[in-house]
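J.: Coordinates in my_file_35.cif, mmCIF, C-alpha atoms, are listed below.
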data_coords
#
loop_
_atom_site.label_atom_id
_atom_site.label_comp_id
_atom_site.auth_asym_id
_atom_site.auth_seq_id
_atom_site.Cartn_x
_atom_site.Cartn_y
_atom_site.Cartn_z
CA MET V 212 71.43 111.60 119.96
CA ASN V 213 73.32 114.80 119.19
CA THR V 214 74.23 115.68 115.60
CA ALA V 215 77.92 114.76 115.99
CA ASN V 216 77.12 111.24 117.25
CA LYS V 217 74.46 110.89 114.56
CA TYR V 218 77.10 111.66 111.94
CA LEU V 219 79.46 109.04 113.44
CA GLU V 220 76.72 106.40 113.51
CA ASP V 221 75.58 107.14 109.96
CA SER V 222 79.14 107.00 108.64
CA LEU V 223 79.79 103.65 110.32
CA ASN V 224 76.50 102.21 109.10
CA LYS V 225 77.28 103.32 105.57
CA ARG V 226 80.61 101.55 105.67
CA ARG V 227 79.05 98.51 107.36
CA ASN V 228 76.38 98.25 104.65
CA ALA V 229 79.08 98.45 101.98
CA GLY V 230 80.90 95.51 103.60
CA ALA V 231 83.90 97.77 104.23
CA LEU V 232 83.81 98.20 108.02
CA ARG V 233 87.26 97.84 109.50
CA THR V 234 87.76 95.96 112.77
CA ILE V 235 90.80 94.96 114.78
CA LYS V 236 91.29 91.45 116.10
CA VAL V 237 93.88 89.20 117.67
CA LEU V 238 94.53 85.81 116.10
CA HIS V 239 96.56 83.16 117.89
CA GLY V 240 98.37 80.07 116.67
CA LEU V 241 98.44 80.93 112.96
CA VAL V 242 101.48 80.96 110.69
CA ASP V 243 102.45 84.57 110.05
CA PHE V 244 101.90 85.56 106.43
CA CYS V 245 100.56 89.05 107.14
CA SER V 246 103.07 91.06 109.16
CA ASN V 247 105.77 93.39 107.83
CA ASP V 248 108.35 91.63 110.05
CA TYR V 249 110.16 90.41 106.93
CA LEU V 250 113.36 89.27 108.64
CA GLY V 251 111.77 88.18 111.90
CA PHE V 252 113.62 90.81 113.94
CA SER V 253 110.61 91.56 116.15
CA THR V 254 109.98 87.95 117.14
CA THR V 255 113.33 86.14 117.08
CA GLY V 256 115.80 86.45 119.91
CA ALA V 257 118.78 88.01 118.13
CA LEU V 258 117.54 91.61 118.24
CA ARG V 259 116.21 91.23 121.77
CA ALA V 260 119.61 89.98 122.96
CA LYS V 261 121.41 92.94 121.36
CA ILE V 262 119.02 95.43 122.95
CA LEU V 263 119.37 93.88 126.42
CA GLU V 264 123.15 93.79 126.14
CA LEU V 265 123.37 97.46 125.19
CA GLU V 266 120.83 98.55 127.81
CA GLN V 267 122.76 96.75 130.56
CA LYS V 268 125.72 98.99 129.79
CA GLN V 269 123.54 102.03 130.59
CA PRO V 270 121.04 100.67 133.17
CA SER V 271 120.10 104.06 134.58
CA HIS V 272 118.61 105.09 131.22
CA VAL V 273 116.64 101.95 130.32
CA PHE V 274 113.19 103.12 131.41
CA GLU V 275 113.70 106.84 130.91
CA GLY V 276 111.27 108.79 128.80
CA SER V 277 112.64 111.47 126.52
CA THR V 278 110.80 114.13 128.61
CA GLY V 279 110.08 116.51 125.73
CA SER V 280 110.60 117.44 122.12
CA ARG V 281 114.07 117.38 120.58
CA LEU V 282 114.10 121.19 120.61
CA ILE V 283 113.52 121.35 124.38
CA SER V 284 114.67 118.46 126.60
CA GLY V 285 114.35 115.40 124.34
CA ASN V 286 117.65 115.60 122.51
CA SER V 287 120.69 113.54 123.55
CA ALA V 288 124.13 112.55 122.42
CA ILE V 289 122.93 109.01 121.71
CA ILE V 290 120.21 110.28 119.34
CA GLU V 291 122.68 112.45 117.48
CA SER V 292 125.14 109.55 117.29
CA LEU V 293 122.40 107.29 115.87
CA GLU V 294 121.49 109.86 113.23
CA GLU V 295 125.12 110.08 112.16
CA TYR V 296 125.23 106.28 111.90
CA ILE V 297 122.00 106.15 109.87
CA ALA V 298 123.32 108.78 107.45
CA SER V 299 126.56 106.86 107.00
CA PHE V 300 124.76 103.52 106.59
CA HIS V 301 122.60 104.93 103.77
CA ASN V 302 125.44 106.98 102.24
CA ALA V 303 123.85 110.37 102.93
CA GLU V 304 125.07 113.61 104.47
CA ALA V 305 122.51 113.63 107.25
CA ALA V 306 119.53 111.88 108.83
CA LEU V 307 116.72 113.15 111.06
CA LEU V 308 114.72 110.79 113.27
CA PHE V 309 110.93 110.95 113.43
CA ASN V 310 108.57 109.00 115.69
CA SER V 311 107.07 106.99 112.80
CA GLY V 312 107.05 106.72 109.03
CA TYR V 313 103.73 108.53 109.04
CA ASP V 314 105.24 111.42 111.01
CA ALA V 315 108.22 111.55 108.66
CA ASN V 316 106.08 111.80 105.53
CA ILE V 317 103.68 114.27 107.10
CA GLY V 318 106.57 116.47 108.22
CA LEU V 319 108.53 116.31 104.97
CA PHE V 320 105.73 116.81 102.47
CA SER V 321 103.82 119.42 104.44
CA CYS V 322 106.73 121.83 104.82
CA VAL V 323 109.21 121.41 101.95
CA PRO V 324 106.98 121.98 98.88
CA LYS V 325 105.60 125.51 99.24
CA ARG V 326 102.91 127.60 97.59
CA GLY V 327 103.77 127.95 93.91
CA ASP V 328 105.57 124.57 93.78
CA THR V 329 104.35 121.34 92.19
CA ILE V 330 104.22 117.76 93.48
CA PHE V 331 103.71 114.80 91.15
CA TYR V 332 103.00 111.56 93.01
CA ASP V 333 102.44 107.98 91.93
CA GLU V 334 98.76 107.12 92.28
CA LEU V 335 99.63 104.21 94.62
CA VAL V 336 101.78 106.08 97.15
CA HIS V 337 101.05 105.52 100.83
CA ALA V 338 98.32 107.44 102.64
CA SER V 339 100.94 109.20 104.79
CA ILE V 340 102.46 110.77 101.67
CA ARG V 341 99.03 111.82 100.43
CA ASP V 342 98.18 113.33 103.81
CA GLY V 343 101.46 115.24 103.88
CA ILE V 344 100.78 116.54 100.38
CA ARG V 345 97.30 117.67 101.41
CA LEU V 346 98.85 119.75 104.19
CA SER V 347 101.19 121.43 101.71
CA TYR V 348 100.24 124.59 99.82
CA ALA V 349 101.81 123.22 96.64
CA LYS V 350 99.77 122.06 93.65
CA SER V 351 99.72 118.28 93.37
CA TYR V 352 98.89 115.80 90.61
CA SER V 353 98.91 112.00 90.58
CA PHE V 354 100.38 110.03 87.68
CA ARG V 355 99.53 106.50 86.62
CA HIS V 356 101.38 103.86 88.57
CA ASN V 357 105.01 103.51 87.41
CA ASP V 358 104.13 105.30 84.15
CA ILE V 359 106.98 107.66 83.22
CA ASN V 360 105.24 108.58 79.96
CA ASN V 361 102.21 109.81 81.87
CA LEU V 362 104.52 111.74 84.18
CA GLU V 363 106.13 113.36 81.12
CA GLU V 364 102.68 114.41 79.88
CA LEU V 365 101.95 116.13 83.18
CA THR V 366 105.09 118.26 83.14
CA LYS V 367 103.22 121.03 81.32
CA LEU V 368 101.46 121.64 84.66
CA ALA V 369 104.73 122.08 86.55
CA LYS V 370 105.47 125.38 88.27
CA GLY V 371 108.07 126.42 90.83
CA ASN V 372 110.15 123.72 92.47
CA VAL V 373 109.02 120.29 91.29
CA TYR V 374 108.92 117.22 93.55
CA ILE V 375 108.29 113.60 92.51
CA ALA V 376 106.97 111.28 95.24
CA VAL V 377 107.25 107.49 94.94
CA GLU V 378 107.79 104.35 96.99
CA SER V 379 110.69 102.09 96.10
CA VAL V 380 108.50 99.08 96.97
CA TYR V 381 104.75 99.67 96.99
CA SER V 382 102.99 98.63 100.16
CA MET V 383 99.84 97.22 98.61
CA ASP V 384 101.09 95.80 95.28
CA GLY V 385 104.63 94.85 96.29
CA ASP V 386 106.09 95.93 92.96
CA MET V 387 109.05 98.27 92.56
CA THR V 388 109.39 101.73 91.07
CA PRO V 389 111.69 102.31 88.04
CA LEU V 390 114.23 104.37 89.98
CA ASN V 391 116.78 104.78 87.21
CA GLU V 392 114.13 106.11 84.82
CA LEU V 393 112.80 108.46 87.47
CA VAL V 394 116.27 109.81 88.20
CA ASN V 395 116.75 110.47 84.48
CA PHE V 396 113.36 112.21 84.37
CA CYS V 397 114.30 114.41 87.33
CA GLU V 398 117.61 115.36 85.73
CA ARG V 399 115.86 116.34 82.49
CA HIS V 400 113.21 118.41 84.26
CA ASN V 401 115.22 119.74 87.22
CA ALA V 402 112.86 117.92 89.60
CA ASN V 403 113.50 116.62 93.11
CA LEU V 404 112.93 112.93 93.73
CA ILE V 405 111.58 111.76 97.12
CA VAL V 406 111.61 108.00 97.72
CA ASP V 407 109.82 106.23 100.57
CA GLU V 408 111.92 103.12 101.27
CA ALA V 409 109.67 101.70 104.00
CA HIS V 410 109.27 98.23 102.48
CA ALA V 411 112.77 98.08 100.99
CA THR V 412 114.80 98.94 104.10
CA GLY V 413 116.42 95.78 105.41
CA VAL V 414 115.29 93.75 102.40
CA PHE V 415 117.17 95.11 99.37
CA GLY V 416 120.67 96.49 98.87
CA HIS V 417 123.97 95.85 100.62
CA ALA V 418 123.25 94.97 104.27
CA GLY V 419 119.62 95.98 103.66
CA SER V 420 120.45 99.60 102.80
CA ALA V 421 117.43 99.60 100.40
CA CYS V 422 116.85 100.31 96.72
CA VAL V 423 118.35 103.75 96.21
CA SER V 424 121.65 102.62 97.68
CA ASP V 425 121.48 99.33 95.79
CA LEU V 426 121.45 101.31 92.52
CA MET V 427 124.01 103.83 93.83
CA LEU V 428 121.62 106.73 93.27
CA GLU V 429 122.02 108.35 96.69
CA LYS V 430 123.42 111.64 95.35
CA LYS V 431 120.62 111.94 92.81
CA VAL V 432 117.69 111.62 95.24
CA PHE V 433 116.50 114.66 97.18
CA ALA V 434 115.18 112.73 100.20
CA ARG V 435 114.61 109.18 101.35
CA ILE V 436 112.35 107.91 104.14
CA HIS V 437 113.49 104.80 106.00
CA THR V 438 111.04 103.33 108.50
CA TYR V 439 111.84 100.92 111.31
CA GLY V 440 108.54 99.22 112.11
CA LYS V 441 108.87 96.73 109.26
CA ALA V 442 112.00 94.70 108.47
CA LEU V 443 113.91 96.27 111.38
CA GLY V 444 111.27 95.11 113.86
CA THR V 445 111.28 98.29 115.97
CA HIS V 446 109.58 101.70 115.59
CA GLY V 447 110.34 105.16 114.26
CA ALA V 448 111.70 106.50 110.97
CA ALA V 449 114.34 108.75 109.50
CA VAL V 450 114.47 111.20 106.63
CA VAL V 451 117.90 111.05 105.01
CA GLY V 452 119.32 113.64 102.65
CA SER V 453 121.51 116.70 102.78
CA ASN V 454 122.64 118.67 105.82
CA LEU V 455 120.61 121.57 104.44
CA LEU V 456 117.44 119.45 104.34
CA LYS V 457 117.97 118.29 107.92
CA GLU V 458 118.40 121.84 109.20
CA TYR V 459 115.28 122.92 107.31
CA LEU V 460 113.17 120.08 108.74
CA ILE V 461 114.32 120.87 112.28
CA ASN V 462 113.01 124.38 111.77
CA PHE V 463 109.83 123.79 109.75
CA ALA V 464 108.58 120.16 110.05
CA ARG V 465 105.72 120.40 112.56
CA SER V 466 105.58 116.64 113.20
CA PHE V 467 109.20 116.90 114.38
CA ILE V 468 108.99 120.21 116.26
CA TYR V 469 105.78 119.65 118.20
CA THR V 470 106.08 116.06 119.41
CA THR V 471 107.85 114.32 122.25
CA ALA V 472 111.05 112.64 121.09
CA LEU V 473 111.46 108.87 121.00
CA PRO V 474 112.46 107.42 124.40
CA PHE V 475 115.84 105.89 125.17
CA HIS V 476 114.65 102.30 124.64
CA SER V 477 113.42 103.07 121.11
CA ILE V 478 116.69 104.73 120.15
CA ILE V 479 118.66 101.74 121.45
CA ALA V 480 116.35 99.35 119.59
CA ILE V 481 116.89 101.15 116.26
CA LYS V 482 120.67 101.18 116.81
CA CYS V 483 120.67 97.45 117.55
CA ALA V 484 118.45 96.66 114.57
CA TYR V 485 120.92 98.37 112.25
CA SER V 486 123.73 96.40 113.85
CA LEU V 487 121.83 93.17 113.28
CA LEU V 488 121.21 94.10 109.64
CA THR V 489 124.94 93.96 109.00
CA GLU V 490 124.94 90.35 110.25
CA SER V 491 121.86 89.19 108.35
CA ASP V 492 123.01 88.42 104.82
CA GLU V 493 122.00 84.76 105.14
CA MET V 494 118.61 85.76 106.49
CA ARG V 495 118.04 88.10 103.52
CA LYS V 496 119.14 85.33 101.17
CA THR V 497 116.61 82.98 102.75
CA LEU V 498 113.91 85.63 102.47
CA HIS V 499 114.48 86.06 98.73
CA GLU V 500 114.59 82.28 98.23
CA ASN V 501 111.20 82.05 99.99
CA ILE V 502 109.78 84.83 97.80
CA LYS V 503 111.01 83.02 94.69
CA LEU V 504 109.53 79.71 95.88
CA PHE V 505 106.13 81.30 96.56
CA SER V 506 106.08 82.99 93.13
CA GLN V 507 107.07 79.77 91.37
CA LEU V 508 104.34 77.82 93.14
CA LEU V 509 101.71 80.41 92.18
CA GLU V 510 102.83 80.16 88.57
CA LYS V 511 102.92 76.37 88.66
CA ASN V 512 99.36 76.29 90.00
CA LYS V 513 98.20 78.87 87.44
CA ILE V 514 97.06 81.48 89.98
CA ILE V 515 96.61 84.18 87.35
CA ASN V 516 95.08 86.85 89.60
CA SER V 517 98.32 87.49 91.46
CA ILE V 518 100.27 90.76 91.14
CA LYS V 519 103.82 90.25 89.85
CA SER V 520 106.27 91.14 92.61
CA GLU V 521 109.86 90.38 93.59
CA SER V 522 109.38 91.78 97.10
CA SER V 523 108.06 90.27 100.32
CA ILE V 524 104.61 91.65 99.50
CA GLN V 525 102.59 89.27 97.33
CA CYS V 526 98.95 89.87 96.42
CA ILE V 527 96.06 87.80 95.10
CA VAL V 528 93.32 90.04 93.67
CA ILE V 529 89.81 88.89 94.65
CA PRO V 530 87.34 91.66 93.70
CA GLY V 531 84.66 92.54 96.22
CA ASN V 532 84.97 93.14 99.94
CA GLU V 533 82.71 90.25 100.90
CA LYS V 534 84.52 87.80 98.61
CA VAL V 535 88.00 88.72 99.77
CA ILE V 536 86.98 88.57 103.45
CA ASN V 537 85.50 85.11 102.91
CA ALA V 538 88.71 84.01 101.19
CA SER V 539 90.81 85.32 104.06
CA ASN V 540 88.62 83.54 106.62
CA LYS V 541 88.95 80.23 104.77
CA ILE V 542 92.75 80.50 104.66
CA GLN V 543 92.90 81.41 108.35
CA LYS V 544 90.89 78.28 109.15
CA LYS V 545 93.68 76.33 107.43
CA GLY V 546 96.13 77.83 109.92
CA PHE V 547 97.65 80.68 107.89
CA ASP V 548 97.36 84.31 108.96
CA VAL V 549 96.53 86.12 105.71
CA ARG V 550 94.50 89.34 105.80
CA ALA V 551 92.01 90.83 103.35
CA ILE V 552 92.69 94.33 102.03
CA MET V 553 89.36 95.93 101.27
CA SER V 554 88.25 99.03 99.44
CA PRO V 555 88.55 101.94 100.12
CA THR V 556 92.13 101.06 101.23
CA VAL V 557 92.58 99.81 97.66
CA PRO V 558 90.37 100.84 94.71
CA GLU V 559 87.01 99.13 94.35
CA GLY V 560 87.45 96.02 92.24
CA LYS V 561 91.09 95.66 93.34
CA GLU V 562 90.44 94.08 96.74
CA ARG V 563 93.07 91.51 97.52
CA LEU V 564 94.73 89.08 99.86
CA ARG V 565 97.98 90.77 100.93
CA ILE V 566 100.50 88.04 101.68
CA CYS V 567 103.85 88.80 103.32
CA ILE V 568 106.67 86.32 102.89
CA HIS V 569 109.27 86.18 105.66
CA ALA V 570 112.72 84.74 106.16
CA PHE V 571 111.35 82.55 108.96
CA ASN V 572 108.58 80.92 106.89
CA THR V 573 109.43 77.29 106.14
CA GLU V 574 109.14 75.57 102.78
CA ASP V 575 106.29 73.40 104.09
CA GLU V 576 104.43 76.49 105.36
CA ILE V 577 104.74 78.19 101.97
CA LYS V 578 103.58 75.08 100.14
CA GLY V 579 100.66 74.74 102.56
CA LEU V 580 99.64 78.35 102.01
CA VAL V 581 99.70 77.96 98.23
CA GLU V 582 97.56 74.82 98.53
CA ALA V 583 95.04 76.78 100.59
CA ILE V 584 95.02 79.56 97.96
CA VAL V 585 94.49 77.05 95.15
CA ASN V 586 91.45 75.67 96.97
CA ILE V 587 89.75 79.06 97.12
CA CYS V 588 90.75 80.29 93.66
#
When written as structure tokens, how does the structure in this file appear?

T.:
Amino acid sequence: MNTANKYLEDSLNKRRNAGALRTIKVLHGLVDFCSNDYLGFSTTGALRAKILELEQKQPSHVFEGSTGSRLISGNSAIIESLEEYIASFHNAEAALLFNSGYDANIGLFSCVPKRGDTIFYDELVHASIRDGIRLSYAKSYSFRHNDINNLEELTKLAKGNVYIAVESVYSMDGDMTPLNELVNFCERHNANLIVDEAHATGVFGHAGSACVSDLMLEKKVFARIHTYGKALGTHGAAVVGSNLLKEYLINFARSFIYTTALPFHSIIAIKCAYSLLTESDEMRKTLHENIKLFSQLLEKNKIINSIKSESSIQCIVIPGNEKVINASNKIQKKGFDVRAIMSPTVPEGKERLRICIHAFNTEDEIKGLVEAIVNIC
């Protein structure tokens, strides 16, 4: 075995021995309590019908690829029209589409903060933000989760342009960032706030416009990232902000410049998902009623190892990879698709069941899930 393969084998064995080896699997016939399809857009027929209707109006384009990057042959009037709509929907000057939320964060954080600048990021931000920061030449420091006082203490390290990176709803804890306090902090320290709205888009705010818009803070946030593979049930992402930011990203964001643009079908799907959002107030209401019901049942049954959350993401902390995997397996045998989140995805000792509540989950399904949780806790 050559040295490269030996390294791969040793690394996998090390993770296997630690009980942290990741695998992918397909489960059938279970009630969905694990996906990010919060409103059911990806599985219910409403979005599919809108996409088919719009595609039939332009049948010659349905199966077309984009043929190249936006800067060469991949741009189109329909993409530019969609970006204008996205900007308007989120009350911003401009929006720039990326192929995924990961690409958006990589592109934004790797090129905007430069050498001599400073990035402060919440310790629980998504891996895509961390990876983008690592590609930047700016100095970076993490602050304790949602701890503005700790962030204040770190300001003595600030140099150059200062950027604060947070998520409006955190992907592994499900709790929300104190946006008003962060905006006040940024105003005091002349810092630039960047908010990843991945798990808030479609769920919070008027017509699902997310948390920044819900608090009417659009003009006070430097950049927002809205992703479409979660509540919108499609794929892709957009960075929204100023016209100046958009022009800069077109010129310097490598994950935008050097990748093939999204194909016609993806652009149509995003457009239709936004259209459906404007018709989904009742669905969002049902989602939040389901979240409230689940939280109340946890409290009633004295499940004390849950993480307090008002979002779709609900977590039960079960320390230890082996223990949390066993718990997940037991719940799946009861018919509920709940997945274990192991370290190193989350810190050691913070392993958990990550439970996603959806608008399409029924009251009986939620009650059944809680009963299964009670039996293992």

J.: In Å, with one decimal, what is the gap from atom CA of Glu574 of chain V to atom CA of Glu521 of chain V?

T.: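 Distance reported for this atom pair: 17.4 Å.
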
J.: Nearest residue to Pro555 of chain V out of V:Ala229, V:Leu223, V:Ile515, V:Ile297, using all atoms listed in the file?

T.: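 Distance minimum relative to Pro555 of chain V lands on V:Ala229.
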
J.: From the options V:Thr214, V:Asn572, V:Asn302, V:Asn391, which residue's atoms come nearest to Lys430 of chain V, counting only C-alpha atoms?

T.: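 Smallest distance to Lys430 of chain V is found for V:Asn302.
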
J.: Can you list, as a list of chain:residue names, every protein, DNA or RNA residue that comes within 9 Å of Leu362 of chain V when you count all atoms listed in the file, leaving out same-chain residues fewer than 5 positions away?

T.: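 Final neighbour list, sorted by chain and number: V:Phe331, V:Tyr332, V:Asp333, V:Ser353, V:Phe354, V:Arg355, V:Asn357, V:Phe396.
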
J.: Name the residues within 12 Å of (109.9, 129.3, 91.0), counting all atoms listed in the file in the file's coordinates, and put them as an mmCIF file with C-alpha atoms, in the frame of the given file.

T.:
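Just written: result11.cif:
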data_model
loop_
_atom_site.group_PDB
_atom_site.id
_atom_site.type_symbol
_atom_site.label_atom_id
_atom_site.label_comp_id
_atom_site.auth_asym_id
_atom_site.auth_seq_id
_atom_site.Cartn_x
_atom_site.Cartn_y
_atom_site.Cartn_z
ATOM 1 C CA PRO V 324 106.980 121.980 98.880
ATOM 2 C CA LYS V 325 105.600 125.510 99.240
ATOM 3 C CA ARG V 326 102.910 127.600 97.590
ATOM 4 C CA GLY V 327 103.770 127.950 93.910
ATOM 5 C CA ASP V 328 105.570 124.570 93.780
ATOM 6 C CA THR V 329 104.350 121.340 92.190
ATOM 7 C CA ALA V 349 101.810 123.220 96.640
ATOM 8 C CA ALA V 369 104.730 122.080 86.550
ATOM 9 C CA LYS V 370 105.470 125.380 88.270
ATOM 10 C CA GLY V 371 108.070 126.420 90.830
ATOM 11 C CA ASN V 372 110.150 123.720 92.470
ATOM 12 C CA VAL V 373 109.020 120.290 91.290
ATOM 13 C CA ASN V 401 115.220 119.740 87.220
ATOM 14 C CA ALA V 402 112.860 117.920 89.600
#

J.: Please evaluate the PyMOL selection byres ((chain V and resi 454-457) around 7) against the structure above and give the resulting residues as a ChimeraX atom specification.

T.: /V:304-307,452-453,458-461

J.: Within 6 Å of segment 477-485 of chain V, counting all atoms listed in the file, which residues show up once you throw out same-chain ones fewer than 5 positions away? Write them as number ranges by chain, please.

T.: V: 261-262, 443

J.: Name the residues in contact with Val406 of chain V at a cut-off of 6 Å, using all atoms listed in the file, excluding same-chain residues fewer than 5 positions from it; report them as a list in words.

T.: Val377, Glu378 and Arg435 of chain V

J.: Name the closest residue to Val336 of chain V among the candidates V:Leu250, V:Leu404, V:Met383, V:Val581; distances are taken between atoms, counting all atoms listed in the file.

T.: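 Selected residue with least distance to Val336 of chain V: V:Met383.
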
J.: Find, counting only C-alpha atoms, the residue in V:Glu275, V:Glu510, V:Asp221, V:Asp384 that gets nearest to Cys567 of chain V.

T.: V:Asp384

J.: Between V:Asn516, V:Thr388, V:Thr497, V:Thr438, which one has atoms that come closest to Phe571 of chain V, using all atoms listed in the file?

T.: V:Thr497

J.: Atom CA of Ala303 of chain V and atom CA of Ala434 of chain V are how many Å apart?

T.: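 These atoms are spaced 9.4 Å apart.
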
J.: Choose the residue, out of V:Leu428, V:Leu509, V:Ala449, V:Ile529, that has the smallest atom-to-atom separation from Phe309 of chain V; count all atoms listed in the file.

T.: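 For Phe309 of chain V, the nearest of the candidates is V:Ala449.
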
J.: Just give me the gap between atom CA of Ala448 of chain V and atom CA of Ala409 of chain V in Å, one decimal is fine.

T.: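 The value is 8.7 Å.
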
J.: For Tyr249 of chain V, find every residue with an atom within 10 Å (counting all atoms listed in the file), except residues of its own chain fewer than 3 positions away, and show them as number ranges by chain.

T.: V: 244-246, 252-253, 410, 413-414, 441-444, 494-495, 498, 522-524, 567-572

J.: Name the residues that the PyMOL selection byres ((chain V and resi 535-540) around 7) pulls out of this structure, and write them as a ChimeraX atom specification.

T.: /V:529-534,541-544,549-551,562-564,587

J.: Name the residues that the PyMOL selection byres ((chain V and resi 241) around 8) pulls out of this structure, and write them as a list in words.

T.: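 Checked against the file, the PyMOL selection byres ((chain V and resi 241) around 8) matches Leu238, His239, Gly240, Val242, Asp243, Gln543, Gly546, Phe547 and Asp548 of chain V.
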
J.: If we count only C-alpha atoms, what is near Ser420 of chain V at a cut-off of 10 Å, once residues fewer than 2 positions away on the same chain are taken out, given as a PyMOL selection string?

T.: chain V and resi 297+300-302+408+411-418+422-425+437+485+488-489
